[in-house]
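Here is the file query_8.cif (mmCIF, C-alpha atoms).
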data_model
loop_
_atom_site.label_atom_id
_atom_site.label_comp_id
_atom_site.auth_asym_id
_atom_site.auth_seq_id
_atom_site.Cartn_x
_atom_site.Cartn_y
_atom_site.Cartn_z
CA MET U 279 0.00 0.00 0.00
CA THR U 280 1.29 3.45 -0.92
CA ARG U 281 1.91 5.99 1.79
CA CYS U 282 0.60 9.57 1.76
CA ASP U 283 4.14 10.91 1.30
CA ASP U 284 4.48 8.91 -1.90
CA VAL U 285 1.51 10.59 -3.54
CA LYS U 286 1.86 14.06 -1.98
CA GLU U 287 3.54 15.41 -5.10
CA LEU U 288 0.84 13.94 -7.31
CA LEU U 289 -2.05 15.82 -5.75
CA PRO U 290 -1.45 19.22 -7.38
CA LEU U 291 -0.84 17.47 -10.69
CA ALA U 292 -4.15 15.71 -10.32
CA ALA U 293 -5.90 18.98 -9.54
CA ASP U 294 -4.30 20.48 -12.66
CA ARG U 295 -5.30 17.46 -14.79
CA GLU U 296 -1.66 16.94 -15.63
CA LEU U 297 -1.12 13.40 -14.34
CA ASP U 298 0.22 10.77 -16.70
CA PRO U 299 -1.83 7.54 -16.80
CA GLY U 300 0.57 5.46 -14.67
CA ALA U 301 0.67 8.01 -11.87
CA PHE U 302 -3.09 8.45 -12.18
CA ASP U 303 -3.63 4.76 -11.39
CA THR U 304 -1.24 4.90 -8.43
CA LEU U 305 -3.04 7.92 -7.02
CA GLN U 306 -6.49 6.44 -7.59
CA ALA U 307 -5.53 3.35 -5.66
CA HIS U 308 -4.24 5.43 -2.77
CA LEU U 309 -7.21 7.81 -2.70
CA ALA U 310 -9.63 4.92 -2.53
CA SER U 311 -8.28 4.06 0.89
CA CYS U 312 -7.19 7.49 2.19
CA PRO U 313 -9.83 10.06 3.17
CA ALA U 314 -7.17 12.60 4.21
CA CYS U 315 -5.64 12.76 0.72
CA ARG U 316 -9.09 12.83 -0.84
CA ALA U 317 -9.91 15.85 1.29
CA ARG U 318 -6.60 17.51 0.42
CA LEU U 319 -7.21 17.01 -3.32
CA ARG U 320 -10.70 18.39 -3.01
CA GLU U 321 -9.36 21.47 -1.25
CA LEU U 322 -6.73 22.01 -3.94
CA ASP U 323 -9.39 21.63 -6.59
CA LEU U 324 -11.72 24.09 -4.91
CA VAL U 325 -9.08 26.76 -4.38
CA ARG U 326 -7.89 26.36 -7.96
CA GLN U 327 -11.36 26.74 -9.36
CA ALA U 328 -12.15 29.62 -7.06
CA ILE U 329 -9.08 31.57 -8.19
CA GLY U 330 -9.92 31.00 -11.85
CA HIS U 331 -13.48 31.96 -11.15
CA THR U 332 -12.97 35.00 -8.96
CA ALA U 333 -9.75 36.83 -9.84
CA THR U 334 -10.13 39.71 -12.27
CA ARG U 335 -9.52 38.95 -15.91
CA PHE U 336 -8.63 42.26 -17.49
CA ALA U 337 -10.05 42.75 -20.97
CA ALA U 338 -8.10 44.72 -23.55
CA PRO U 339 -9.50 48.26 -24.00
CA ALA U 340 -11.25 48.77 -27.34
CA LEU U 341 -8.86 51.55 -28.24
CA LEU U 342 -5.87 49.25 -27.82
CA ARG U 343 -7.46 46.80 -30.22
CA GLN U 344 -8.11 49.52 -32.80
CA ARG U 345 -4.63 50.84 -32.40
CA ILE U 346 -3.04 47.43 -32.97
CA GLU U 347 -5.28 46.72 -35.94
CA ALA U 348 -4.30 50.05 -37.45
CA GLN U 349 -0.65 49.37 -36.78
CA ILE U 350 -0.74 45.98 -38.50
CA GLY U 351 -2.62 47.53 -41.40
CA LYS U 352 0.00 50.25 -41.72
CA GLN U 353 2.77 47.66 -41.82
CA ARG U 354 0.93 46.10 -44.70
CA ASP U 355 1.07 49.30 -46.72
CA ALA U 356 4.78 49.75 -46.22
CA PRO U 357 6.93 48.18 -48.92
CA ARG U 358 8.40 44.93 -47.73
CA ILE U 359 11.30 43.09 -49.23
CA GLU U 360 11.23 39.79 -47.40
CA TYR U 361 8.65 37.23 -48.39
CA GLY U 362 8.40 35.11 -45.30
CA GLY U 363 9.79 31.74 -44.34
CA ASP U 364 8.71 30.13 -47.56
CA ARG U 365 11.10 32.15 -49.65
CA TRP U 366 12.68 29.39 -51.72
CA GLY U 367 9.33 27.81 -52.51
CA TRP U 368 8.28 31.22 -53.74
CA VAL U 369 11.41 31.47 -55.87
CA GLY U 370 10.71 28.05 -57.34
CA ARG U 371 7.16 28.90 -58.24
CA PHE U 372 7.92 32.28 -59.75
CA GLY U 373 11.48 31.61 -60.93
CA GLY U 374 11.29 33.53 -64.21
CA TRP U 375 9.77 36.61 -62.66
CA ILE U 376 12.40 37.17 -60.04
CA ALA U 377 14.79 39.34 -62.01
CA ALA U 378 12.05 41.56 -63.41
CA ALA U 379 10.35 41.82 -60.06
CA GLY U 380 13.63 42.73 -58.40
CA LEU U 381 14.24 45.55 -60.83
CA ALA U 382 10.69 46.80 -60.51
CA LEU U 383 10.98 46.66 -56.73
CA VAL U 384 14.03 48.92 -56.82
CA LEU U 385 12.20 51.38 -59.04
CA LEU U 386 9.11 51.24 -56.89
CA SER U 387 11.01 51.84 -53.67
CA LEU U 388 12.79 54.79 -55.23
CA GLN U 389 9.44 56.20 -56.16
CA LEU U 390 7.95 55.51 -52.76
CA ARG U 391 10.76 56.83 -50.66
CA GLU U 392 9.81 60.48 -50.80
CA PRO U 393 6.08 60.29 -50.02
CA LEU U 394 6.61 57.59 -47.41
CA ALA U 395 9.13 59.65 -45.52
CA GLY U 396 6.78 62.63 -45.67
CA ARG U 397 3.91 60.58 -44.38
CA ALA U 398 5.86 59.21 -41.44
CA VAL U 399 6.62 62.77 -40.38
CA ASP U 400 3.03 63.90 -40.81
CA GLU U 401 1.59 61.07 -38.81
CA ALA U 402 3.84 61.71 -35.84
CA PHE U 403 1.27 64.15 -34.45
CA ILE U 404 -1.63 61.83 -35.11
CA ASP U 405 0.28 59.06 -33.35
CA SER U 406 0.80 61.30 -30.36
CA HIS U 407 -2.89 62.21 -30.29
CA ALA U 408 -3.96 58.56 -30.59
CA ARG U 409 -1.49 57.46 -27.93
CA ALA U 410 -2.71 60.08 -25.51
CA LEU U 411 -6.30 58.97 -26.02
CA LEU U 412 -5.36 55.32 -25.80
CA THR U 413 -3.62 55.67 -22.50
CA ASP U 414 -6.17 58.11 -21.14
CA HIS U 415 -3.39 60.59 -20.75
CA THR U 416 -4.69 63.52 -22.73
CA ILE U 417 -4.22 66.12 -20.04
CA ASP U 418 -1.52 67.00 -17.54
CA VAL U 419 -3.17 70.16 -16.32
CA ALA U 420 -6.93 70.03 -16.28
CA SER U 421 -8.54 73.42 -16.34
CA SER U 422 -11.06 75.32 -18.39
CA ASP U 423 -9.41 78.55 -17.32
CA ARG U 424 -6.72 79.70 -19.71
CA HIS U 425 -5.21 81.79 -16.93
CA SER U 426 -4.24 78.64 -15.09
CA VAL U 427 -3.28 76.63 -18.16
CA LYS U 428 -0.85 79.19 -19.49
CA PRO U 429 1.29 79.54 -16.35
CA TRP U 430 1.41 75.76 -16.02
CA PHE U 431 3.47 75.54 -19.20
CA ARG U 432 6.01 77.93 -17.72
CA GLY U 433 8.99 76.00 -16.47
CA LYS U 434 8.12 73.00 -18.59
CA LEU U 435 8.77 74.66 -21.92
CA GLU U 436 11.29 77.11 -23.28
CA PHE U 437 8.52 79.03 -24.94
CA SER U 438 5.17 80.35 -23.89
CA PRO U 439 2.36 78.94 -26.03
CA PRO U 440 -0.69 81.11 -26.61
CA VAL U 441 -3.74 79.74 -24.82
CA VAL U 442 -7.10 80.98 -25.99
CA ASP U 443 -10.54 80.46 -24.54
CA LEU U 444 -12.91 79.27 -27.25
CA GLY U 445 -15.82 78.42 -24.97
CA GLY U 446 -17.95 81.06 -26.67
CA GLN U 447 -17.37 79.40 -30.02
CA GLY U 448 -18.34 75.99 -28.70
CA PHE U 449 -14.87 74.56 -28.05
CA GLU U 450 -14.48 73.84 -24.37
CA LEU U 451 -10.93 74.11 -23.04
CA LEU U 452 -10.11 70.93 -21.11
CA GLY U 453 -6.49 71.67 -20.29
CA GLY U 454 -3.03 71.02 -21.64
CA ARG U 455 -0.10 68.68 -21.70
CA VAL U 456 3.50 68.66 -22.82
CA ASP U 457 4.49 66.16 -25.47
CA TYR U 458 7.58 65.18 -27.39
CA VAL U 459 7.06 64.88 -31.14
CA GLN U 460 9.62 64.81 -33.89
CA ARG U 461 12.46 65.43 -31.46
CA ARG U 462 11.08 68.57 -29.99
CA THR U 463 9.02 69.46 -27.01
CA VAL U 464 5.62 70.80 -27.92
CA ALA U 465 2.72 72.26 -26.00
CA VAL U 466 -0.63 70.59 -26.51
CA LEU U 467 -3.86 72.44 -25.80
CA VAL U 468 -6.81 70.14 -25.39
CA TYR U 469 -10.30 71.25 -26.42
CA ARG U 470 -13.57 69.42 -26.71
CA ARG U 471 -16.66 69.75 -28.86
CA ARG U 472 -19.49 67.20 -28.71
CA GLN U 473 -17.41 64.55 -26.93
CA HIS U 474 -14.65 64.83 -29.54
CA VAL U 475 -11.26 65.65 -28.11
CA ILE U 476 -9.22 68.09 -30.17
CA ASP U 477 -5.49 68.44 -29.63
CA VAL U 478 -3.78 71.64 -30.74
CA PHE U 479 0.00 71.16 -30.94
CA VAL U 480 1.99 74.36 -30.65
CA TRP U 481 5.71 74.91 -31.02
CA PRO U 482 7.91 77.86 -31.95
CA ARG U 483 9.42 78.07 -35.38
CA PRO U 484 13.21 77.79 -35.08
CA TYR U 485 14.88 81.16 -34.80
CA GLY U 486 15.66 82.58 -38.23
CA ALA U 487 13.53 80.06 -40.10
CA ALA U 488 11.50 81.74 -42.77
CA ALA U 489 7.86 82.08 -41.98
CA SER U 490 6.19 79.47 -44.13
CA LYS U 491 3.71 80.34 -46.81
CA ASP U 492 0.99 79.42 -44.32
CA THR U 493 1.56 82.62 -42.40
CA GLY U 494 -1.32 84.94 -42.82
CA GLY U 495 -4.01 82.59 -41.65
CA ALA U 496 -4.22 79.99 -44.40
CA VAL U 497 -5.34 76.71 -42.87
CA ARG U 498 -3.91 73.71 -44.63
CA GLU U 499 -5.26 70.16 -44.54
CA GLY U 500 -2.70 67.79 -43.11
CA ALA U 501 -2.48 64.03 -42.73
CA VAL U 502 -5.45 61.72 -42.33
CA ALA U 503 -4.82 58.44 -40.54
CA LEU U 504 -6.34 56.05 -38.01
CA GLY U 505 -9.62 57.90 -38.31
CA TYR U 506 -8.07 61.22 -37.29
CA ARG U 507 -7.44 64.25 -39.44
CA GLU U 508 -5.26 67.25 -38.92
CA VAL U 509 -5.12 70.86 -40.06
CA ARG U 510 -2.06 73.06 -39.90
CA TRP U 511 -1.48 76.76 -39.74
CA ALA U 512 1.17 79.20 -38.59
CA ASP U 513 1.57 82.75 -37.37
CA ASP U 514 4.58 85.00 -36.98
CA THR U 515 6.30 82.89 -34.36
CA MET U 516 4.56 79.57 -33.93
CA ASP U 517 3.49 76.54 -35.92
CA TYR U 518 0.20 74.81 -35.13
CA VAL U 519 -1.32 71.41 -35.82
CA ALA U 520 -4.87 70.59 -34.69
CA ILE U 521 -5.96 66.95 -34.65
CA SER U 522 -9.25 65.25 -33.94
CA ASP U 523 -11.70 62.67 -35.18
CA ILE U 524 -14.25 65.46 -35.53
CA ASP U 525 -15.67 66.64 -38.90
CA ARG U 526 -13.41 68.53 -41.24
CA ALA U 527 -15.65 71.62 -40.99
CA ASP U 528 -15.41 71.67 -37.19
CA LEU U 529 -11.66 71.38 -37.31
CA GLN U 530 -11.42 74.23 -39.84
CA GLU U 531 -13.70 76.28 -37.64
CA LEU U 532 -11.48 75.69 -34.63
CA ALA U 533 -8.42 76.80 -36.59
CA GLN U 534 -10.16 80.00 -37.71
CA ASP U 535 -11.56 80.74 -34.23
CA PHE U 536 -8.18 80.12 -32.66
CA GLN U 537 -6.44 82.60 -34.93
CA GLN U 538 -9.20 85.17 -34.66
CA SER U 539 -9.20 84.98 -30.92
CA LEU U 540 -5.41 85.40 -30.82
CA ARG U 541 -5.56 88.42 -33.13
CA ALA U 542 -8.30 89.95 -31.01
CA ALA U 543 -6.20 89.47 -27.89
CA ALA U 544 -3.17 91.07 -29.57
CA GLY U 545 -5.21 93.95 -30.97
CA GLY U 546 -7.17 94.69 -27.81
CA MET F 226 3.58 43.34 -59.24
CA ALA F 227 6.99 44.24 -57.93
CA GLN F 228 6.23 43.49 -54.35
CA ASP F 229 3.50 40.96 -54.22
CA PRO F 230 0.68 42.77 -52.43
CA SER F 231 -1.38 39.63 -51.97
CA GLU F 232 1.58 38.04 -50.22
CA THR F 233 1.89 40.88 -47.72
CA ARG F 234 -1.84 41.19 -47.24
CA THR F 235 -2.13 37.49 -46.57
CA ARG F 236 0.66 37.81 -44.04
CA SER F 237 -0.89 40.64 -42.04
CA GLU F 238 -4.35 39.18 -42.37
CA ARG F 239 -3.09 35.85 -41.19
CA PHE F 240 -1.38 37.52 -38.27
CA ALA F 241 -4.52 39.46 -37.35
CA LEU F 242 -6.59 36.32 -37.61
CA LEU F 243 -4.28 34.28 -35.39
CA ALA F 244 -3.04 36.89 -32.94
CA LEU F 245 -5.99 39.22 -32.30
CA PRO F 246 -8.17 36.54 -30.66
CA HIS F 247 -5.50 36.37 -27.94
CA LEU F 248 -5.50 40.10 -27.28
CA ASP F 249 -7.47 39.79 -24.04
CA ALA F 250 -5.14 37.06 -22.80
CA ALA F 251 -2.12 39.17 -23.74
CA PHE F 252 -3.55 42.24 -22.02
CA ASN F 253 -4.56 40.33 -18.91
CA LEU F 254 -1.05 38.90 -18.52
CA ALA F 255 0.62 42.28 -19.08
CA ARG F 256 -1.86 44.01 -16.77
CA TRP F 257 -1.16 41.56 -13.94
CA LEU F 258 2.59 41.74 -14.44
CA VAL F 259 3.08 45.50 -14.73
CA ARG F 260 0.05 46.36 -12.57
CA SER F 261 -0.88 49.49 -14.48
CA GLU F 262 -3.45 49.97 -17.21
CA GLU F 263 -1.36 52.50 -19.08
CA ASP F 264 1.85 50.45 -19.04
CA ALA F 265 -0.04 47.30 -19.98
CA CYS F 266 -1.38 49.04 -23.09
CA ASP F 267 2.13 50.10 -24.08
CA VAL F 268 3.50 46.64 -23.41
CA VAL F 269 0.84 44.86 -25.44
CA GLN F 270 1.06 47.24 -28.37
CA ASP F 271 4.80 46.90 -28.41
CA SER F 272 4.54 43.11 -28.11
CA TYR F 273 2.13 42.82 -31.02
CA LEU F 274 4.41 44.85 -33.21
CA ARG F 275 7.36 42.66 -32.27
CA ALA F 276 5.29 39.54 -32.79
CA PHE F 277 4.20 40.78 -36.21
CA ARG F 278 7.80 41.35 -37.23
CA ALA F 279 8.95 37.94 -35.98
CA PHE F 280 5.84 36.17 -37.21
CA ASP F 281 7.51 34.50 -40.20
CA GLY F 282 9.58 32.26 -37.98
CA LEU F 283 6.48 30.79 -36.38
CA ARG F 284 5.13 27.41 -37.45
CA GLY F 285 1.78 25.82 -36.93
CA ASP F 286 -0.95 27.13 -34.68
CA ILE F 287 1.06 27.40 -31.48
CA ILE F 288 0.77 31.15 -31.48
CA ARG F 289 -0.66 31.59 -27.99
CA PRO F 290 2.32 30.56 -25.82
CA TRP F 291 4.69 32.21 -28.29
CA LEU F 292 2.76 35.47 -28.18
CA LEU F 293 2.41 35.36 -24.39
CA ALA F 294 6.16 34.76 -24.11
CA ILE F 295 6.75 38.01 -26.00
CA VAL F 296 4.25 39.84 -23.79
CA ARG F 297 5.90 38.42 -20.69
CA ASN F 298 9.41 39.40 -21.78
CA THR F 299 8.27 42.90 -22.71
CA SER F 300 6.54 43.24 -19.34
CA LEU F 301 9.60 42.07 -17.42
CA SER F 302 11.82 44.49 -19.34
CA LEU F 303 9.52 47.29 -18.33
CA LEU F 304 9.64 46.20 -14.68
CA ALA F 305 13.43 46.01 -14.90
CA ARG F 306 13.55 49.53 -16.36
CA ARG F 307 11.37 50.72 -13.54
CA GLY F 308 13.83 49.06 -11.19
CA GLU F 309 11.04 47.03 -9.73
CA ARG F 310 12.43 43.56 -10.08
CA ALA F 311 15.33 44.40 -7.84
CA LYS F 312 12.86 45.32 -5.14
CA GLU F 313 11.06 41.99 -5.40
CA VAL F 314 12.05 39.26 -3.01
CA PRO F 315 14.81 37.38 -4.85
CA TYR F 316 13.62 34.04 -6.04
CA VAL F 317 15.64 31.01 -4.98
CA GLU F 318 14.66 27.87 -6.81
CA ASP F 319 15.48 25.38 -4.05
CA GLU F 320 14.23 27.55 -1.25
CA HIS F 321 12.05 25.41 0.92
CA ASP F 322 9.15 27.67 1.65
CA GLU F 323 6.49 25.27 2.72
CA PRO F 324 4.50 27.47 5.01
CA ASP F 325 4.67 26.88 8.73
CA ARG F 326 1.19 28.35 8.95
CA GLN F 327 -1.61 26.33 10.41
CA ALA F 328 -3.52 25.52 7.25
CA ASP F 329 -7.09 26.65 7.40
CA PRO F 330 -8.54 25.48 4.08
CA GLU F 331 -12.01 26.77 4.82
CA LEU F 332 -10.80 30.26 5.57
CA ILE F 333 -8.69 30.25 2.43
CA ALA F 334 -11.52 28.86 0.32
CA MET F 335 -13.80 31.55 1.66
CA ARG F 336 -11.38 34.41 1.08
CA THR F 337 -10.68 33.13 -2.39
CA GLN F 338 -14.31 33.88 -3.20
CA GLU F 339 -13.87 37.59 -2.52
CA ARG F 340 -12.59 39.29 -5.61
CA GLY F 341 -11.07 42.34 -3.94
CA ARG F 342 -9.19 40.30 -1.39
CA LEU F 343 -8.00 37.72 -3.92
CA ASP F 344 -6.85 40.39 -6.39
CA ALA F 345 -4.96 42.19 -3.63
CA ALA F 346 -3.26 38.97 -2.57
CA LEU F 347 -2.27 38.20 -6.15
CA ARG F 348 -0.81 41.68 -6.56
CA LYS F 349 1.35 41.08 -3.51
CA LEU F 350 2.87 37.87 -4.89
CA PRO F 351 6.41 38.21 -6.28
CA VAL F 352 6.22 38.42 -10.03
CA GLU F 353 7.75 34.93 -10.51
CA PHE F 354 4.83 33.43 -8.65
CA ARG F 355 2.20 35.83 -9.95
CA GLU F 356 2.91 34.96 -13.55
CA VAL F 357 2.43 31.21 -13.11
CA ILE F 358 -0.86 31.72 -11.28
CA VAL F 359 -2.15 34.04 -14.00
CA LEU F 360 -1.05 31.71 -16.79
CA ARG F 361 -2.46 28.63 -15.11
CA GLU F 362 -5.63 29.77 -13.36
CA LEU F 363 -6.71 32.74 -15.47
CA GLN F 364 -5.45 31.78 -18.91
CA GLU F 365 -5.75 28.04 -18.27
CA LEU F 366 -2.51 27.14 -20.00
CA SER F 367 -1.14 23.61 -19.65
CA TYR F 368 2.17 22.99 -17.86
CA ARG F 369 3.76 22.53 -21.24
CA GLU F 370 2.50 25.83 -22.56
CA ILE F 371 3.56 27.62 -19.38
CA ALA F 372 6.99 26.02 -19.70
CA GLU F 373 7.19 27.48 -23.19
CA VAL F 374 6.15 30.95 -22.08
CA LEU F 375 8.66 31.00 -19.22
CA ALA F 376 11.35 29.10 -21.14
CA VAL F 377 11.90 26.65 -18.26
CA PRO F 378 11.45 22.85 -17.96
CA ALA F 379 7.96 21.55 -17.14
CA GLY F 380 9.23 20.30 -13.77
CA THR F 381 10.10 23.86 -12.80
CA VAL F 382 6.59 24.99 -13.71
CA MET F 383 5.22 22.34 -11.39
CA SER F 384 7.32 23.33 -8.40
CA ARG F 385 6.92 27.04 -8.98
CA LEU F 386 3.17 26.69 -9.26
CA SER F 387 2.99 24.75 -6.06
CA ARG F 388 5.07 27.37 -4.22
CA ALA F 389 2.99 30.12 -5.74
CA ARG F 390 -0.23 28.59 -4.47
CA SER F 391 1.20 28.04 -1.07
CA ARG F 392 2.40 31.67 -0.87
CA LEU F 393 -0.94 32.88 -2.06
CA ALA F 394 -2.68 30.84 0.61
CA THR F 395 -0.35 32.30 3.23
CA ILE F 396 -1.10 35.85 2.11
CA LEU F 397 -4.83 35.20 2.03
CA GLN F 398 -4.73 33.77 5.52
CA GLN F 399 -2.63 36.61 6.95
CA ASP F 400 -4.81 39.42 5.67
#

How does this structure look as structure tokens?
Amino acid sequence: MTRCDDVKELLPLAADRELDPGAFDTLQAHLASCPACRARLRELDLVRQAIGHTATRFAAPALLRQRIEAQIGKQRDAPRIEYGGDRWGWVGRFGGWIAAAGLALVLLSLQLREPLAGRAVDEAFIDSHARALLTDHTIDVASSDRHSVKPWFRGKLEFSPPVVDLGGQGFELLGGRVDYVQRRTVAVLVYRRRQHVIDVFVWPRPYGAAASKDTGGAVREGAVALGYREVRWADDTMDYVAISDIDRADLQELAQDFQQSLRAAAGG
Amino acid sequence: MAQDPSETRTRSERFALLALPHLDAAFNLARWLVRSEEDACDVVQDSYLRAFRAFDGLRGDIIRPWLLAIVRNTSLSLLARRGERAKEVPYVEDEHDEPDRQADPELIAMRTQERGRLDAALRKLPVEFREVIVLRELQELSYREIAEVLAVPAGTVMSRLSRARSRLATILQQD
């Protein structure tokens, strides 16, 4: 007859349904004649089930899912050179086409290089906006009062971004944050209209850089990606990018209101 | 024509098809390991991108343990960067930590039913123990799959799991 010590190690395995058949038989024989081990197994089983039943299973946030889907989709659009593990099978099947395809690939990548590089730069702001929303980290200083948002930036930035109150125009000021995009620190003003969050990125044009052709109030459409769109404009000292998933018209309106309100403040 | 678009589409579609169903499992593991919603999101997004890049080396339909291994490694790197692993109680494999507590199975069984208490106890477990409990009890992986995720022999999974449960019981009983 087996002793309890001989089967002690088998009990957790039994509870986990990981016993091999030989050990299973040994344990069965012992359990049949040992109430103490039966009780111990039952306890293990109960605790196991209870943990699996009770402990929190965290579900992935919907935004994370969207973000990953978008990311995989974006990878798909980028030109790829490798063809996966099955490369030589691929060569065998398409043998004659390889040389031509190779040449065409070189030409294609030459063609693609310029717009792709441009797009990566453009989408840096959209990525920042999406990341902030994803991680629920849109705002470092929460305030609808521009007089408390503006001083908050002091000490965190080497420039003082203009903060305008657009509540009267239907854009509620939620607050601001500091972000790092394209290797520079930028101020982000966060507004809201109809549950849509709008980020306005602001940074100073490098000293001596020519004011772009945007100066003078022209609002230019920027990148569209991941369901977000952006508009860009500039004034004498700063560059601006506004991003949201809101309608194009609303975003244009925000850009106009922002500039108007700044001019009014400067004039008055 | 030059780059075969159907080839790349098939690849990313195949990845999405195989990997996205495990997103909740991936997030749950990361969330329990790094213990922050924000960091878990970063970890999982990063892991999926890495997985997508390394996807070609993968054979068959064994994506789950492979994917969870990437999530685990990314999570542990984050903890290491935060300097948190150093603060954990160092794990000694042959440490004999059978509890000298007076076992009170009923009390433990009862406390295991309370989500808040159980979650708190799990959070207190050293990460080496926490990860086996999460993989086994919450994700219901087999010993073999867990061994693959942790890159250790199955025997180690067994002993670590048994220590983890015993620690968990101790914490539950102390509280």

Selected residue of minimal separation from U:Arg318 among F:Asp281, F:Leu258, F:Glu331, F:Phe252, counting all atoms listed in the file: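 Residue with the minimum atom-to-atom distance to U:Arg318: F:Glu331.
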
What do you get, as number ranges by chain, if you spell out every residue that the PyMOL selection byres ((chain F and resi 269-277) around 7) selects here? U: 346; F: 240, 251-252, 255, 265-268, 278-280, 292, 295-296, 299

Of the candidates F:Ser261, F:Gln398, F:Ser300, F:Gln364, which one gets nearest to U:Arg335 if we count all atoms listed in the file?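 That would be F:Gln364, the residue with the smallest distance to U:Arg335.
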
Give me, please, the distance in Å between atom CA of U:Phe479 and atom CA of U:Phe403, quoted to one decimal.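 Separation between atom CA of U:Phe479 and atom CA of U:Phe403: 7.9 Å.
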
Written as an mmCIF file with C-alpha atoms, in the coordinates of the input, what is the full residue list that the PyMOL selection byres ((chain U and resi 453) around 12) yields on the file shown?
data_model
loop_
_atom_site.group_PDB
_atom_site.id
_atom_site.type_symbol
_atom_site.label_atom_id
_atom_site.label_comp_id
_atom_site.auth_asym_id
_atom_site.auth_seq_id
_atom_site.Cartn_x
_atom_site.Cartn_y
_atom_site.Cartn_z
ATOM 1 C CA HIS U 415 -3.390 60.590 -20.750
ATOM 2 C CA THR U 416 -4.690 63.520 -22.730
ATOM 3 C CA ILE U 417 -4.220 66.120 -20.040
ATOM 4 C CA ASP U 418 -1.520 67.000 -17.540
ATOM 5 C CA VAL U 419 -3.170 70.160 -16.320
ATOM 6 C CA ALA U 420 -6.930 70.030 -16.280
ATOM 7 C CA SER U 421 -8.540 73.420 -16.340
ATOM 8 C CA SER U 422 -11.060 75.320 -18.390
ATOM 9 C CA ASP U 423 -9.410 78.550 -17.320
ATOM 10 C CA ARG U 424 -6.720 79.700 -19.710
ATOM 11 C CA HIS U 425 -5.210 81.790 -16.930
ATOM 12 C CA SER U 426 -4.240 78.640 -15.090
ATOM 13 C CA VAL U 427 -3.280 76.630 -18.160
ATOM 14 C CA LYS U 428 -0.850 79.190 -19.490
ATOM 15 C CA PRO U 429 1.290 79.540 -16.350
ATOM 16 C CA TRP U 430 1.410 75.760 -16.020
ATOM 17 C CA PHE U 431 3.470 75.540 -19.200
ATOM 18 C CA VAL U 441 -3.740 79.740 -24.820
ATOM 19 C CA VAL U 442 -7.100 80.980 -25.990
ATOM 20 C CA ASP U 443 -10.540 80.460 -24.540
ATOM 21 C CA PHE U 449 -14.870 74.560 -28.050
ATOM 22 C CA GLU U 450 -14.480 73.840 -24.370
ATOM 23 C CA LEU U 451 -10.930 74.110 -23.040
ATOM 24 C CA LEU U 452 -10.110 70.930 -21.110
ATOM 25 C CA GLY U 454 -3.030 71.020 -21.640
ATOM 26 C CA ARG U 455 -0.100 68.680 -21.700
ATOM 27 C CA VAL U 456 3.500 68.660 -22.820
ATOM 28 C CA ALA U 465 2.720 72.260 -26.000
ATOM 29 C CA VAL U 466 -0.630 70.590 -26.510
ATOM 30 C CA LEU U 467 -3.860 72.440 -25.800
ATOM 31 C CA VAL U 468 -6.810 70.140 -25.390
ATOM 32 C CA TYR U 469 -10.300 71.250 -26.420
ATOM 33 C CA ARG U 470 -13.570 69.420 -26.710
ATOM 34 C CA VAL U 475 -11.260 65.650 -28.110
ATOM 35 C CA ILE U 476 -9.220 68.090 -30.170
ATOM 36 C CA ASP U 477 -5.490 68.440 -29.630
ATOM 37 C CA VAL U 478 -3.780 71.640 -30.740
#

Any idea what's packed within 10 Å of U:Arg526, counting all atoms listed in the file, ignoring anything in its chain fewer than 5 positions away? Could you give it as a PyMOL selection string? chain U and resi 499+506-509+531-532

Nearest candidate to chain U (options F:Arg239, F:Arg289, F:Arg340, F:Arg306; using all atoms listed in the file):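 Closest to chain U, using all atoms listed in the file: F:Arg340.
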
Counting all atoms listed in the file, closest pick from U:Gln534, U:Gln327, U:Ser406, U:Gln306 relative to chain F is U:Gln327

Please identify all polymer residues within 8 Å of stretch 377-390 of chain F, counting all atoms listed in the file, omitting same-chain residues fewer than 6 positions from it, and present them as a compact mmCIF listing (two decimals) with C-alpha atoms, keeping the file's coordinate frame.
# COMPACT_ATOMS: atom_id res chain seq x y z
CA PRO U 290 -1.45 19.22 -7.38
CA LEU U 291 -0.84 17.47 -10.69
CA ASP F 322 9.15 27.67 1.65
CA GLU F 323 6.49 25.27 2.72
CA LEU F 350 2.87 37.87 -4.89
CA PHE F 354 4.83 33.43 -8.65
CA ARG F 355 2.20 35.83 -9.95
CA VAL F 357 2.43 31.21 -13.11
CA ILE F 358 -0.86 31.72 -11.28
CA TYR F 368 2.17 22.99 -17.86
CA ARG F 369 3.76 22.53 -21.24
CA ILE F 371 3.56 27.62 -19.38

Atomic separation - atom CA of U:Thr332 relative to atom CA of F:Ala334, Å: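 Result for atom CA of F:Ala334 versus atom CA of U:Thr332: 11.2 Å, one decimal.
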
Between atom CA of U:Lys352 and atom CA of F:Leu303, distance in Å (one decimal):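 Separating atom CA of U:Lys352 from atom CA of F:Leu303 is a distance of 25.4 Å.
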